[in-house]
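As provided, run-v8.json (JSON, C-alpha atoms and all ligand atoms) reads as follows.
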[["chain", "number", "residue", "atom", "x", "y", "z"],
["K", 628, "MET", "CA", -26.85, -5.83, 11.34],
["K", 629, "ALA", "CA", -25.58, -2.44, 10.07],
["K", 630, "THR", "CA", -26.88, -1.10, 6.76],
["K", 631, "ARG", "CA", -24.18, -0.73, 4.13],
["K", 632, "ARG", "CA", -23.90, 2.86, 3.02],
["K", 633, "THR", "CA", -21.75, 2.09, 0.03],
["K", 634, "THR", "CA", -21.96, 2.88, -3.63],
["K", 635, "ARG", "CA", -24.06, 0.39, -5.63],
["K", 636, "ASP", "CA", -22.95, 1.30, -9.14],
["K", 637, "SER", "CA", -21.83, -1.51, -11.42],
["K", 638, "SER", "CA", -18.11, -0.69, -11.14],
["K", 639, "ALA", "CA", -18.31, -1.03, -7.34],
["K", 640, "VAL", "CA", -20.07, -4.38, -7.71],
["K", 641, "ALA", "CA", -17.35, -5.57, -10.13],
["K", 642, "PHE", "CA", -14.70, -4.29, -7.69],
["K", 643, "ARG", "CA", -16.24, -6.30, -4.82],
["K", 644, "GLU", "CA", -16.41, -9.43, -6.96],
["K", 645, "ARG", "CA", -12.77, -9.08, -7.94],
["K", 646, "TYR", "CA", -11.27, -7.94, -4.61],
["K", 647, "GLY", "CA", -13.84, -8.82, -1.93],
["K", 648, "PRO", "CA", -15.10, -9.77, 0.47],
["K", 649, "ALA", "CA", -12.54, -7.98, 2.65],
["K", 650, "ALA", "CA", -9.41, -5.87, 2.39],
["K", 651, "LEU", "CA", -6.45, -5.58, 4.74],
["K", 652, "VAL", "CA", -4.76, -2.17, 4.98],
["K", 653, "THR", "CA", -1.58, -1.57, 6.99],
["K", 654, "GLY", "CA", -0.88, 1.77, 8.67],
["K", 655, "ALA", "CA", -4.63, 2.36, 8.53],
["K", 656, "ALA", "CA", -5.11, 4.44, 11.68],
["K", 657, "GLN", "CA", -4.29, 7.67, 9.87],
["K", 658, "GLY", "CA", -2.98, 9.28, 6.70],
["K", 659, "ILE", "CA", -3.08, 7.51, 3.34],
["K", 660, "GLY", "CA", -3.81, 4.14, 4.97],
["K", 661, "ARG", "CA", -6.97, 5.49, 6.59],
["K", 662, "ALA", "CA", -8.00, 6.99, 3.24],
["K", 663, "PHE", "CA", -7.53, 3.56, 1.62],
["K", 664, "ALA", "CA", -9.80, 2.04, 4.29],
["K", 665, "ASP", "CA", -12.45, 4.66, 3.45],
["K", 666, "ALA", "CA", -12.12, 4.21, -0.34],
["K", 667, "LEU", "CA", -12.43, 0.42, -0.08],
["K", 668, "ALA", "CA", -15.29, 0.53, 2.42],
["K", 669, "ALA", "CA", -17.09, 2.96, 0.09],
["K", 670, "ARG", "CA", -16.95, 0.21, -2.56],
["K", 671, "GLY", "CA", -18.54, -2.23, -0.11],
["K", 672, "LEU", "CA", -15.51, -4.19, 1.08],
["K", 673, "ASP", "CA", -15.19, -5.12, 4.74],
["K", 674, "VAL", "CA", -11.90, -3.80, 6.04],
["K", 675, "PHE", "CA", -9.28, -5.07, 8.46],
["K", 676, "LEU", "CA", -7.38, -1.98, 9.60],
["K", 677, "LEU", "CA", -3.90, -2.80, 10.83],
["K", 678, "ASP", "CA", -1.71, -0.44, 12.87],
["K", 679, "VAL", "CA", 0.51, -0.34, 15.91],
["K", 680, "LYS", "CA", -1.23, 1.98, 18.41],
["K", 681, "PRO", "CA", -4.51, 0.54, 19.75],
["K", 682, "GLU", "CA", -6.53, 3.70, 20.55],
["K", 683, "PRO", "CA", -6.23, 5.65, 17.29],
["K", 684, "LEU", "CA", -6.73, 2.38, 15.40],
["K", 685, "ALA", "CA", -9.92, 1.51, 17.31],
["K", 686, "ARG", "CA", -11.24, 5.03, 16.63],
["K", 687, "ALA", "CA", -10.47, 4.78, 12.91],
["K", 688, "ALA", "CA", -12.16, 1.37, 12.62],
["K", 689, "ALA", "CA", -15.26, 2.61, 14.46],
["K", 690, "GLU", "CA", -15.48, 5.63, 12.14],
["K", 691, "VAL", "CA", -15.17, 3.50, 8.99],
["K", 692, "ALA", "CA", -17.88, 1.10, 10.25],
["K", 693, "GLU", "CA", -20.15, 3.99, 11.19],
["K", 694, "GLN", "CA", -19.65, 5.92, 7.96],
["K", 695, "PHE", "CA", -19.95, 3.05, 5.47],
["K", 696, "GLY", "CA", -21.88, 0.36, 7.33],
["K", 697, "VAL", "CA", -19.28, -2.32, 6.56],
["K", 698, "ALA", "CA", -17.46, -4.53, 9.07],
["K", 699, "ALA", "CA", -14.27, -2.65, 10.01],
["K", 700, "THR", "CA", -11.99, -4.60, 12.32],
["K", 701, "PRO", "CA", -8.94, -3.13, 14.08],
["K", 702, "VAL", "CA", -5.90, -5.42, 14.12],
["K", 703, "VAL", "CA", -3.10, -4.23, 16.38],
["K", 704, "VAL", "CA", 0.22, -5.56, 15.07],
["K", 705, "ASP", "CA", 3.75, -4.20, 15.22],
["K", 706, "LEU", "CA", 5.10, -4.72, 11.71],
["K", 707, "THR", "CA", 8.69, -4.66, 12.93],
["K", 708, "ARG", "CA", 8.01, -8.15, 14.32],
["K", 709, "ARG", "CA", 9.48, -10.96, 12.26],
["K", 710, "ASP", "CA", 6.38, -13.04, 12.96],
["K", 711, "CYS", "CA", 3.99, -10.29, 11.88],
["K", 712, "LEU", "CA", 2.33, -12.51, 9.26],
["K", 713, "ASP", "CA", 1.42, -15.06, 11.94],
["K", 714, "ALA", "CA", 0.02, -12.27, 14.12],
["K", 715, "VAL", "CA", -2.10, -10.99, 11.21],
["K", 716, "ARG", "CA", -3.30, -14.47, 10.30],
["K", 717, "ALA", "CA", -4.38, -15.09, 13.89],
["K", 718, "ALA", "CA", -6.66, -12.04, 13.65],
["K", 719, "VAL", "CA", -8.04, -12.47, 10.13],
["K", 720, "PRO", "CA", -10.28, -15.35, 8.94],
["K", 721, "THR", "CA", -8.61, -17.53, 6.30],
["K", 722, "ASP", "CA", -9.68, -16.82, 2.73],
["K", 723, "SER", "CA", -11.51, -13.60, 3.64],
["K", 724, "ILE", "CA", -8.91, -11.24, 2.16],
["K", 725, "GLY", "CA", -9.17, -10.32, -1.52],
["K", 726, "LEU", "CA", -7.06, -7.16, -1.35],
["K", 727, "VAL", "CA", -3.98, -6.24, 0.68],
["K", 728, "VAL", "CA", -2.60, -2.69, 0.84],
["K", 729, "CYS", "CA", 0.95, -2.55, 2.22],
["K", 730, "ASN", "CA", 0.95, 1.10, 3.19],
["K", 731, "ALA", "CA", 2.67, 1.39, 6.57],
["K", 732, "ALA", "CA", 6.16, 2.86, 6.60],
["K", 733, "LEU", "CA", 8.39, 4.79, 8.94],
["K", 734, "GLY", "CA", 9.15, 8.12, 7.30],
["K", 735, "GLN", "CA", 12.75, 9.12, 7.89],
["K", 736, "GLU", "CA", 14.57, 12.24, 6.85],
["K", 737, "GLY", "CA", 18.07, 13.35, 7.79],
["K", 738, "PRO", "CA", 21.74, 12.49, 7.42],
["K", 739, "PHE", "CA", 22.25, 8.71, 7.28],
["K", 740, "LEU", "CA", 25.13, 8.65, 9.76],
["K", 741, "GLU", "CA", 23.22, 10.66, 12.34],
["K", 742, "ALA", "CA", 20.33, 8.19, 12.49],
["K", 743, "GLU", "CA", 20.34, 5.41, 15.11],
["K", 744, "LEU", "CA", 21.13, 2.10, 13.42],
["K", 745, "GLU", "CA", 18.20, 0.56, 15.27],
["K", 746, "SER", "CA", 15.74, 3.02, 13.69],
["K", 747, "LEU", "CA", 17.14, 2.36, 10.20],
["K", 748, "HIS", "CA", 16.61, -1.35, 10.77],
["K", 749, "ARG", "CA", 13.06, -0.77, 12.02],
["K", 750, "ALA", "CA", 12.20, 1.15, 8.85],
["K", 751, "ILE", "CA", 13.53, -1.74, 6.74],
["K", 752, "ASP", "CA", 11.53, -4.23, 8.82],
["K", 753, "VAL", "CA", 8.25, -2.36, 8.30],
["K", 754, "ALA", "CA", 8.64, -1.38, 4.64],
["K", 755, "CYS", "CA", 10.49, -4.44, 3.35],
["K", 756, "HIS", "CA", 10.31, -7.45, 5.66],
["K", 757, "ALA", "CA", 6.65, -7.06, 6.65],
["K", 758, "THR", "CA", 5.64, -6.23, 3.07],
["K", 759, "VAL", "CA", 7.33, -9.37, 1.73],
["K", 760, "SER", "CA", 5.64, -11.47, 4.43],
["K", 761, "LEU", "CA", 2.16, -10.12, 3.72],
["K", 762, "LEU", "CA", 2.48, -10.26, -0.08],
["K", 763, "HIS", "CA", 3.85, -13.80, 0.06],
["K", 764, "GLY", "CA", 1.28, -15.10, 2.55],
["K", 765, "PHE", "CA", -1.83, -13.50, 1.07],
["K", 766, "GLY", "CA", -0.52, -13.61, -2.52],
["K", 767, "ARG", "CA", -0.35, -17.42, -2.37],
["K", 768, "GLU", "CA", -3.93, -17.60, -1.14],
["K", 769, "MET", "CA", -5.11, -15.24, -3.90],
["K", 770, "ALA", "CA", -3.20, -17.07, -6.63],
["K", 771, "ALA", "CA", -4.77, -20.36, -5.51],
["K", 772, "ARG", "CA", -8.22, -18.69, -5.67],
["K", 773, "GLY", "CA", -7.44, -17.11, -9.05],
["K", 774, "ARG", "CA", -8.31, -13.54, -8.07],
["K", 775, "GLY", "CA", -7.25, -10.71, -5.79],
["K", 776, "GLY", "CA", -5.20, -7.54, -5.53],
["K", 777, "LEU", "CA", -1.98, -6.42, -3.84],
["K", 778, "VAL", "CA", -0.97, -2.76, -3.51],
["K", 779, "VAL", "CA", 2.46, -1.58, -2.32],
["K", 780, "LEU", "CA", 3.15, 2.06, -1.49],
["K", 781, "ALA", "CA", 6.39, 3.40, -2.95],
["K", 782, "SER", "CA", 7.56, 7.03, -3.20],
["K", 783, "GLY", "CA", 9.20, 9.51, -5.56],
["K", 784, "THR", "CA", 12.37, 8.90, -3.51],
["K", 785, "ALA", "CA", 12.40, 5.38, -5.02],
["K", 786, "LEU", "CA", 13.28, 6.73, -8.46],
["K", 787, "GLN", "CA", 16.75, 8.07, -7.70],
["K", 788, "GLY", "CA", 19.13, 8.49, -4.78],
["K", 789, "SER", "CA", 18.44, 11.60, -2.70],
["K", 790, "PRO", "CA", 20.41, 13.20, 0.13],
["K", 791, "ARG", "CA", 18.71, 12.92, 3.55],
["K", 792, "TYR", "CA", 16.44, 10.08, 2.35],
["K", 793, "ALA", "CA", 19.03, 7.32, 1.85],
["K", 794, "ASN", "CA", 17.46, 4.57, 3.94],
["K", 795, "TYR", "CA", 13.84, 5.60, 3.39],
["K", 796, "GLY", "CA", 14.32, 5.98, -0.38],
["K", 797, "ALA", "CA", 16.07, 2.61, -0.54],
["K", 798, "THR", "CA", 13.15, 0.87, 1.20],
["K", 799, "LYS", "CA", 10.77, 2.58, -1.22],
["K", 800, "ALA", "CA", 12.86, 1.46, -4.21],
["K", 801, "PHE", "CA", 12.52, -2.07, -2.81],
["K", 802, "ASN", "CA", 8.73, -1.59, -2.62],
["K", 803, "LEU", "CA", 8.56, -0.23, -6.17],
["K", 804, "VAL", "CA", 10.60, -3.03, -7.76],
["K", 805, "LEU", "CA", 8.83, -5.70, -5.71],
["K", 806, "GLY", "CA", 5.39, -4.48, -6.73],
["K", 807, "GLU", "CA", 6.25, -3.98, -10.40],
["K", 808, "SER", "CA", 7.90, -7.42, -10.62],
["K", 809, "LEU", "CA", 4.96, -9.18, -9.01],
["K", 810, "TRP", "CA", 2.59, -7.54, -11.48],
["K", 811, "TYR", "CA", 4.28, -9.60, -14.20],
["K", 812, "GLU", "CA", 4.48, -12.77, -12.11],
["K", 813, "LEU", "CA", 0.95, -12.84, -10.74],
["K", 814, "ARG", "CA", -1.22, -11.52, -13.55],
["K", 815, "ASP", "CA", -1.59, -14.99, -15.09],
["K", 816, "HIS", "CA", -2.85, -16.13, -11.68],
["K", 817, "GLY", "CA", -5.61, -13.51, -11.71],
["K", 818, "VAL", "CA", -3.92, -11.33, -9.08],
["K", 819, "ASP", "CA", -3.49, -7.60, -9.81],
["K", 820, "VAL", "CA", -0.41, -6.02, -8.24],
["K", 821, "LEU", "CA", 0.24, -2.30, -8.13],
["K", 822, "ALA", "CA", 3.23, -0.30, -6.91],
["K", 823, "PHE", "CA", 1.86, 3.16, -6.20],
["K", 824, "VAL", "CA", 3.86, 6.38, -5.88],
["K", 825, "PRO", "CA", 1.58, 8.83, -4.05],
["K", 826, "GLY", "CA", 3.14, 12.22, -4.60],
["K", 827, "PRO", "CA", 3.18, 14.60, -1.62],
["K", 828, "THR", "CA", 0.11, 13.99, 0.54],
["K", 829, "ASN", "CA", -0.99, 15.89, 3.63],
["K", 830, "THR", "CA", -0.71, 13.21, 6.32],
["K", 831, "PRO", "CA", 0.69, 13.17, 9.87],
["K", 832, "GLY", "CA", 3.86, 11.68, 8.36],
["K", 833, "LEU", "CA", 4.33, 14.54, 5.89],
["K", 834, "ARG", "CA", 3.33, 17.20, 8.44],
["K", 835, "SER", "CA", 6.15, 16.01, 10.70],
["K", 836, "THR", "CA", 8.62, 17.11, 8.00],
["K", 837, "VAL", "CA", 6.83, 20.22, 6.65],
["K", 838, "PRO", "CA", 6.62, 22.82, 9.42],
["K", 839, "GLY", "CA", 3.45, 24.91, 9.35],
["K", 840, "LEU", "CA", 1.49, 22.54, 7.10],
["K", 841, "LYS", "CA", -2.05, 22.43, 8.52],
["K", 842, "GLU", "CA", -4.18, 19.29, 8.60],
["K", 843, "GLY", "CA", -6.88, 19.03, 5.90],
["K", 844, "VAL", "CA", -5.27, 21.52, 3.51],
["K", 845, "ALA", "CA", -4.27, 20.83, -0.11],
["K", 846, "VAL", "CA", -1.63, 23.33, -1.17],
["K", 847, "GLY", "CA", 0.43, 23.31, -4.39],
["K", 848, "PRO", "CA", 1.49, 19.74, -5.16],
["K", 849, "ILE", "CA", 0.45, 18.57, -1.68],
["K", 850, "ARG", "CA", -2.90, 16.81, -1.93],
["K", 851, "LEU", "CA", -5.31, 15.27, 0.57],
["K", 852, "PRO", "CA", -5.10, 11.56, 1.48],
["K", 853, "ALA", "CA", -8.52, 10.78, -0.03],
["K", 854, "GLU", "CA", -7.36, 11.98, -3.45],
["K", 855, "THR", "CA", -4.21, 9.86, -3.26],
["K", 856, "ALA", "CA", -5.99, 6.68, -2.15],
["K", 857, "GLU", "CA", -8.70, 7.11, -4.77],
["K", 858, "ALA", "CA", -6.07, 7.47, -7.53],
["K", 859, "ALA", "CA", -4.41, 4.24, -6.37],
["K", 860, "VAL", "CA", -7.64, 2.27, -6.18],
["K", 861, "ARG", "CA", -8.59, 3.42, -9.69],
["K", 862, "ALA", "CA", -5.13, 2.43, -11.04],
["K", 863, "LEU", "CA", -5.29, -1.10, -9.64],
["K", 864, "GLY", "CA", -5.35, -3.69, -12.43],
["K", 865, "ARG", "CA", -4.33, -1.21, -15.13],
["K", 866, "ALA", "CA", -0.50, -1.22, -14.90],
["K", 867, "ALA", "CA", 2.37, -2.42, -12.74],
["K", 868, "SER", "CA", 2.93, 1.03, -11.26],
["K", 869, "ALA", "CA", 1.17, 4.37, -11.14],
["K", 870, "SER", "CA", 1.25, 7.76, -9.51],
["K", 871, "ARG", "CA", -1.20, 10.54, -8.79],
["K", 872, "GLU", "CA", 1.41, 13.04, -10.06],
["K", 873, "LYS", "CA", 1.84, 13.46, -13.84],
["K", 874, "ASP", "CA", 5.62, 13.81, -13.80],
["K", 875, "LEU", "CA", 6.10, 10.73, -11.63],
["K", 876, "ALA", "CA", 3.57, 8.78, -13.71],
["K", 877, "ALA", "CA", 5.56, 9.58, -16.87],
["K", 878, "ARG", "CA", 8.80, 8.39, -15.26],
["K", 879, "LEU", "CA", 7.14, 5.17, -14.16],
["K", 880, "ALA", "CA", 5.76, 4.61, -17.67],
["K", 881, "ALA", "CA", 9.29, 4.93, -19.09],
["K", 882, "ARG", "CA", 10.54, 2.29, -16.64],
["K", 883, "ARG", "CA", 7.70, -0.01, -17.63],
["K", 884, "ARG", "CA", 8.46, 0.24, -21.37],
["K", 885, "ARG", "CA", 11.89, -1.19, -20.61],
["K", 886, "ALA", "CA", 10.46, -3.85, -18.29],
["K", 887, "ASP", "CA", 7.83, -4.84, -20.88],
["K", 888, "ALA", "CA", 10.56, -5.28, -23.49],
["K", 889, "ASN", "CA", 12.60, -7.46, -21.11],
["K", 890, "ALA", "CA", 9.56, -9.55, -20.19],
["K", 891, "ALA", "CA", 8.60, -10.03, -23.86],
["K", 892, "ARG", "CA", 12.15, -11.15, -24.68],
["K", 893, "ASP", "CA", 12.15, -13.65, -21.79],
["K", 894, "TRP", "CA", 8.74, -15.07, -22.72],
["K", 895, "LYS", "CA", 9.86, -15.53, -26.34],
["K", 896, "ARG", "CA", 12.96, -17.40, -25.20],
["K", 897, "GLU", "CA", 10.91, -19.52, -22.84],
["K", 898, "ALA", "CA", 8.44, -20.35, -25.60],
["K", 899, "LYS", "CA", 11.35, -21.49, -27.78],
["K", 900, "GLY", "CA", 12.66, -23.58, -24.86],
["K", 901, "GLU", "CA", 15.89, -21.60, -24.71],
["K", 902, "GLY", "CA", 15.70, -20.85, -20.95],
["K", 903, "ARG", "CA", 16.96, -17.51, -19.61],
["K", 1001, "LIG", "N1", 2.54, 11.36, 2.71],
["K", 1001, "LIG", "C1", 3.31, 11.48, 1.65],
["K", 1001, "LIG", "O1", 3.53, 12.60, 1.13],
["K", 1001, "LIG", "C2", 3.95, 10.28, 1.02],
["K", 1001, "LIG", "C3", 4.73, 10.46, -0.13],
["K", 1001, "LIG", "C4", 5.32, 9.35, -0.73],
["K", 1001, "LIG", "C5", 5.09, 8.09, -0.20],
["K", 1001, "LIG", "N2", 4.31, 7.94, 0.91],
["K", 1001, "LIG", "C6", 4.11, 6.56, 1.41],
["K", 1001, "LIG", "O2", 2.73, 6.36, 1.69],
["K", 1001, "LIG", "C7", 2.57, 5.50, 2.83],
["K", 1001, "LIG", "C8", 1.70, 6.17, 3.88],
["K", 1001, "LIG", "O3", 2.29, 7.41, 4.22],
["K", 1001, "LIG", "P1", 1.62, 8.40, 5.28],
["K", 1001, "LIG", "O4", 2.23, 9.72, 5.03],
["K", 1001, "LIG", "O5", 0.15, 8.21, 5.28],
["K", 1001, "LIG", "O6", 2.23, 7.80, 6.67],
["K", 1001, "LIG", "P2", 1.92, 8.22, 8.18],
["K", 1001, "LIG", "O7", 1.06, 9.43, 8.24],
["K", 1001, "LIG", "O8", 3.23, 8.25, 8.88],
["K", 1001, "LIG", "O9", 1.10, 6.95, 8.69],
["K", 1001, "LIG", "C9", 1.71, 5.68, 8.69],
["K", 1001, "LIG", "C10", 0.97, 4.75, 9.63],
["K", 1001, "LIG", "O10", 1.74, 3.53, 9.73],
["K", 1001, "LIG", "C11", 1.85, 3.18, 11.10],
["K", 1001, "LIG", "N3", 3.02, 2.39, 11.44],
["K", 1001, "LIG", "C12", 4.28, 2.82, 11.60],
["K", 1001, "LIG", "N4", 5.06, 1.83, 12.06],
["K", 1001, "LIG", "C13", 4.27, 0.75, 12.19],
["K", 1001, "LIG", "C14", 4.50, -0.58, 12.66],
["K", 1001, "LIG", "N5", 5.69, -0.97, 13.12],
["K", 1001, "LIG", "N6", 3.48, -1.44, 12.66],
["K", 1001, "LIG", "C15", 2.25, -1.06, 12.25],
["K", 1001, "LIG", "N7", 1.97, 0.18, 11.83],
["K", 1001, "LIG", "C16", 2.97, 1.09, 11.80],
["K", 1001, "LIG", "C17", 1.94, 4.55, 11.79],
["K", 1001, "LIG", "O11", 1.70, 4.43, 13.17],
["K", 1001, "LIG", "P3", 2.38, 5.47, 14.23],
["K", 1001, "LIG", "O12", 2.35, 6.82, 13.62],
["K", 1001, "LIG", "O13", 1.52, 5.33, 15.40],
["K", 1001, "LIG", "O14", 3.75, 4.95, 14.42],
["K", 1001, "LIG", "C18", 0.87, 5.33, 11.04],
["K", 1001, "LIG", "O15", -0.41, 5.13, 11.60],
["K", 1001, "LIG", "C19", 3.98, 5.17, 3.29],
["K", 1001, "LIG", "O16", 4.38, 3.96, 2.73],
["K", 1001, "LIG", "C20", 4.83, 6.29, 2.71],
["K", 1001, "LIG", "O17", 6.17, 5.89, 2.49],
["K", 1001, "LIG", "C21", 3.74, 9.00, 1.53]]

Can you give me the file's structure in the form of structure tokens?
Amino acid sequence: MATRRTTRDSSAVAFRERYGPAALVTGAAQGIGRAFADALAARGLDVFLLDVKPEPLARAAAEVAEQFGVAATPVVVDLTRRDCLDAVRAAVPTDSIGLVVCNAALGQEGPFLEAELESLHRAIDVACHATVSLLHGFGREMAARGRGGLVVLASGTALQGSPRYANYGATKAFNLVLGESLWYELRDHGVDVLAFVPGPTNTPGLRSTVPGLKEGVAVGPIRLPAETAEAAVRALGRAASASREKDLAARLAARRRRADANAARDWKREAKGEGR
């Protein structure tokens, strides 16, 4: 049996009790997803790393297991598949997952009409369809257990329409609203939900759109994946949405003030039996 090389401080113990014994992270072979796997393993959670290409995924899982001494299991699944939840469930023991990070996405930049329709649909399948399936499937289990966490990766492109990011930004807006809404719905069931807006992060995905950006370098607003994942893990349970970047965090807070007011109004009406 491997020795766990994970932090033993009291906050890590509380984290394991709330979100353990295992986490599932999508898009975990590289980039922010891999950094999430590291951050969660460092807190002593076993990790199921999900991605589409077997070799890089197997390497990532072996590195996480070696570095942190936790069980790190590669799960090869194509999230464009409509039955992706069944495929995940077949690979993951029932009731083992206390935290799900829906991180995988297909980054897309360029004029909408020049993209192949098929690739636009694939991006929607990964970011929206698969995310809904995983949050619904594992969210039900967590709500029944009365504890757990769900994290959805959004983006600054979710906060307004932007040229060249129409489809991508729209999927991220879906992720943001889904995550923020579920924070309200699931908190009384003991499940923390977080929509997280990373801010620019030096990953293979970002490097494919920023020519000359070298791996492992933080430059200007572009930060390293470990910093982004750590910020998200620390924000879990504190608010419906968060960002590593101050400006984005302030914009999210403004959205939440409005959402809080709406929720308070609805709860008051419900309490008075007035319906919605
Ligand atoms: N990096 C940033 O600056 C930034 C900024 C804002 C938001 N985000 C968000 O943060 C998340 C992670 O971004 P990232 O930059 O780390 O991405 P990335 O470097 O492109 O990595 C994404 C991972 O997801 C995998 N994936 C893609 N399609 C999949 C499928 N059908 N099934 C299973 N796995 C699949 C990719 O595999 P392959 O590469 O093998 O296809 C890759 O390993 C995304 O949701 C993104 O929208 C990132």

Open item on the list: I need the residue nearest K:Glu842 from this list: K:Thr855, K:Asn829, K:Ser870, K:Ser808. Use all atoms listed in the file for the distance.
Closed with: K:Asn829

Task: Nearby residues (all atoms listed in the file) at most 12 Å from K:Ala862, same-chain spacing under 3 positions excluded, as a PyMOL selection string - done: chain K and resi 776-778+819-825+855-859+865-871+876

Please produce a file of the residues just selected, as a short mmCIF file (atom, residue, chain, number, x, y, z; two decimals), keeping the file's coordinate frame, where the atoms kept are C-alpha atoms.
data_model
loop_
_atom_site.label_atom_id
_atom_site.label_comp_id
_atom_site.auth_asym_id
_atom_site.auth_seq_id
_atom_site.Cartn_x
_atom_site.Cartn_y
_atom_site.Cartn_z
CA GLY K 776 -5.20 -7.54 -5.53
CA LEU K 777 -1.98 -6.42 -3.84
CA VAL K 778 -0.97 -2.76 -3.51
CA ASP K 819 -3.49 -7.60 -9.81
CA VAL K 820 -0.41 -6.02 -8.24
CA LEU K 821 0.24 -2.30 -8.13
CA ALA K 822 3.23 -0.30 -6.91
CA PHE K 823 1.86 3.16 -6.20
CA VAL K 824 3.86 6.38 -5.88
CA PRO K 825 1.58 8.83 -4.05
CA THR K 855 -4.21 9.86 -3.26
CA ALA K 856 -5.99 6.68 -2.15
CA GLU K 857 -8.70 7.11 -4.77
CA ALA K 858 -6.07 7.47 -7.53
CA ALA K 859 -4.41 4.24 -6.37
CA ARG K 865 -4.33 -1.21 -15.13
CA ALA K 866 -0.50 -1.22 -14.90
CA ALA K 867 2.37 -2.42 -12.74
CA SER K 868 2.93 1.03 -11.26
CA ALA K 869 1.17 4.37 -11.14
CA SER K 870 1.25 7.76 -9.51
CA ARG K 871 -1.20 10.54 -8.79
CA ALA K 876 3.57 8.78 -13.71
#

Could you build a table of the residues in chain K lying no more than 7 Å from ligand LIG 1001 (chain K), giving for each the nearest pair of atoms and their separation in Å rounded to one decimal place, using only C-alpha atoms and all ligand atoms, ordered by chain and ascending residue number, as CSV?
residue,atom,partner,partner_atom,distance
K:Thr653,CA,K:LIG1001,N7,6.3
K:Gly654,CA,K:LIG1001,O10,3.3
K:Ala655,CA,K:LIG1001,O15,5.9
K:Ala656,CA,K:LIG1001,O15,4.8
K:Gln657,CA,K:LIG1001,O15,4.9
K:Gly658,CA,K:LIG1001,O5,3.6
K:Ile659,CA,K:LIG1001,O5,3.8
K:Gly660,CA,K:LIG1001,O5,5.7
K:Leu677,CA,K:LIG1001,C15,6.5
K:Asp678,CA,K:LIG1001,N7,3.9
K:Val679,CA,K:LIG1001,C15,4.1
K:Lys680,CA,K:LIG1001,O13,5.3
K:Val704,CA,K:LIG1001,C15,5.7
K:Asp705,CA,K:LIG1001,N6,3.8
K:Leu706,CA,K:LIG1001,N6,3.8
K:Thr707,CA,K:LIG1001,N5,4.8
K:Asn730,CA,K:LIG1001,O16,4.5
K:Ala731,CA,K:LIG1001,O10,3.9
K:Ala732,CA,K:LIG1001,O16,4.4
K:Leu733,CA,K:LIG1001,C12,5.3
K:Gly734,CA,K:LIG1001,O17,6.1
K:Val753,CA,K:LIG1001,N5,5.6
K:Leu780,CA,K:LIG1001,O16,4.8
K:Ala781,CA,K:LIG1001,C5,5.6
K:Ser782,CA,K:LIG1001,C5,4.0
K:Gly783,CA,K:LIG1001,C4,6.2
K:Lys799,CA,K:LIG1001,O17,6.8
K:Val824,CA,K:LIG1001,C5,6.1
K:Pro825,CA,K:LIG1001,C4,5.0
K:Gly826,CA,K:LIG1001,C3,5.1
K:Pro827,CA,K:LIG1001,O1,3.4
K:Thr828,CA,K:LIG1001,O1,3.7
K:Asn829,CA,K:LIG1001,N1,5.8
K:Thr830,CA,K:LIG1001,O7,4.6
K:Pro831,CA,K:LIG1001,O7,4.1
K:Gly832,CA,K:LIG1001,O8,3.5
K:Leu833,CA,K:LIG1001,N1,4.8

Task: Residues near K:Arg774, cut-off 10 Å, only C-alpha atoms, skip fewer than 4 positions along chain, as a list of chain:residue names - done: K:Glu644, K:Arg645, K:Tyr646, K:Gly647, K:Gly725, K:Leu726, K:Gly766, K:Glu768, K:Met769, K:Ala770, K:Leu813, K:Arg814, K:Asp815, K:His816, K:Gly817, K:Val818, K:Asp819

Open item on the list: For a test of reading the model, state the distance in Å between atom CA of K:Pro838 and atom CA of K:Glu690, rounded to one decimal.
Closed with: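 Atom CA of K:Glu690 lies 28.1 Å from atom CA of K:Pro838.
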
With all atoms listed in the file as the counted atoms, please give the residues lying no more than 10 Å from K:Arg708, apart from itself and same-chain residues fewer than 4 positions off, as a CSV table (one decimal) with C-alpha atoms, in the coordinates of the input.
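The resulting around_11.csv:
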chain,number,residue,atom,x,y,z
K,704,VAL,CA,0.2,-5.6,15.1
K,712,LEU,CA,2.3,-12.5,9.3
K,713,ASP,CA,1.4,-15.1,11.9
K,714,ALA,CA,0.0,-12.3,14.1
K,749,ARG,CA,13.1,-0.8,12.0
K,752,ASP,CA,11.5,-4.2,8.8
K,753,VAL,CA,8.2,-2.4,8.3
K,756,HIS,CA,10.3,-7.4,5.7
K,757,ALA,CA,6.6,-7.1,6.6

TODO: To one decimal in Å, tell me the separation between atom CA of K:Val674 and atom CA of K:Val691.
DONE: 8.5 Å

Task: Minimum-distance residue to K:Ala685, chosen among K:Arg772, K:Arg670, K:Arg885, K:Arg661 (using all atoms listed in the file) - done: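 Nearest to K:Ala685: K:Arg661.
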
Task: Closest of K:Gln694, K:Gln735, K:Asn889, K:Thr721 to K:Ile751 - atom-to-atom distances counting only C-alpha atoms - done: K:Gln735

Open item on the list: Ranking K:Cys711, K:Leu875, K:Gly839, K:Glu745 by minimum distance to K:Thr784 and counting only C-alpha atoms, which one comes first?
Closed with: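 Between K:Cys711, K:Leu875, K:Gly839, K:Glu745, the residue approaching K:Thr784 most closely is K:Leu875.
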
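Each of K:Asp665, K:Glu743, K:Asp722, K:Glu807 was checked against K:Arg883 using all atoms listed in the file; the smallest atom-to-atom distance is that of K:Glu807.
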
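Relative to atom CA of K:Leu863, atom CA of K:Ala877 is found at 16.9 Å.
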
Would you give the centre and edge lengths, in Å to one decimal, of a box along x, y and z around the listed atoms of stretch 704-718 of chain K, with 3 Å added to each side, as JSON?
{"center_x": 1.4, "center_y": -9.6, "center_z": 12.2, "size_x": 22.1, "size_y": 16.9, "size_z": 12.0}
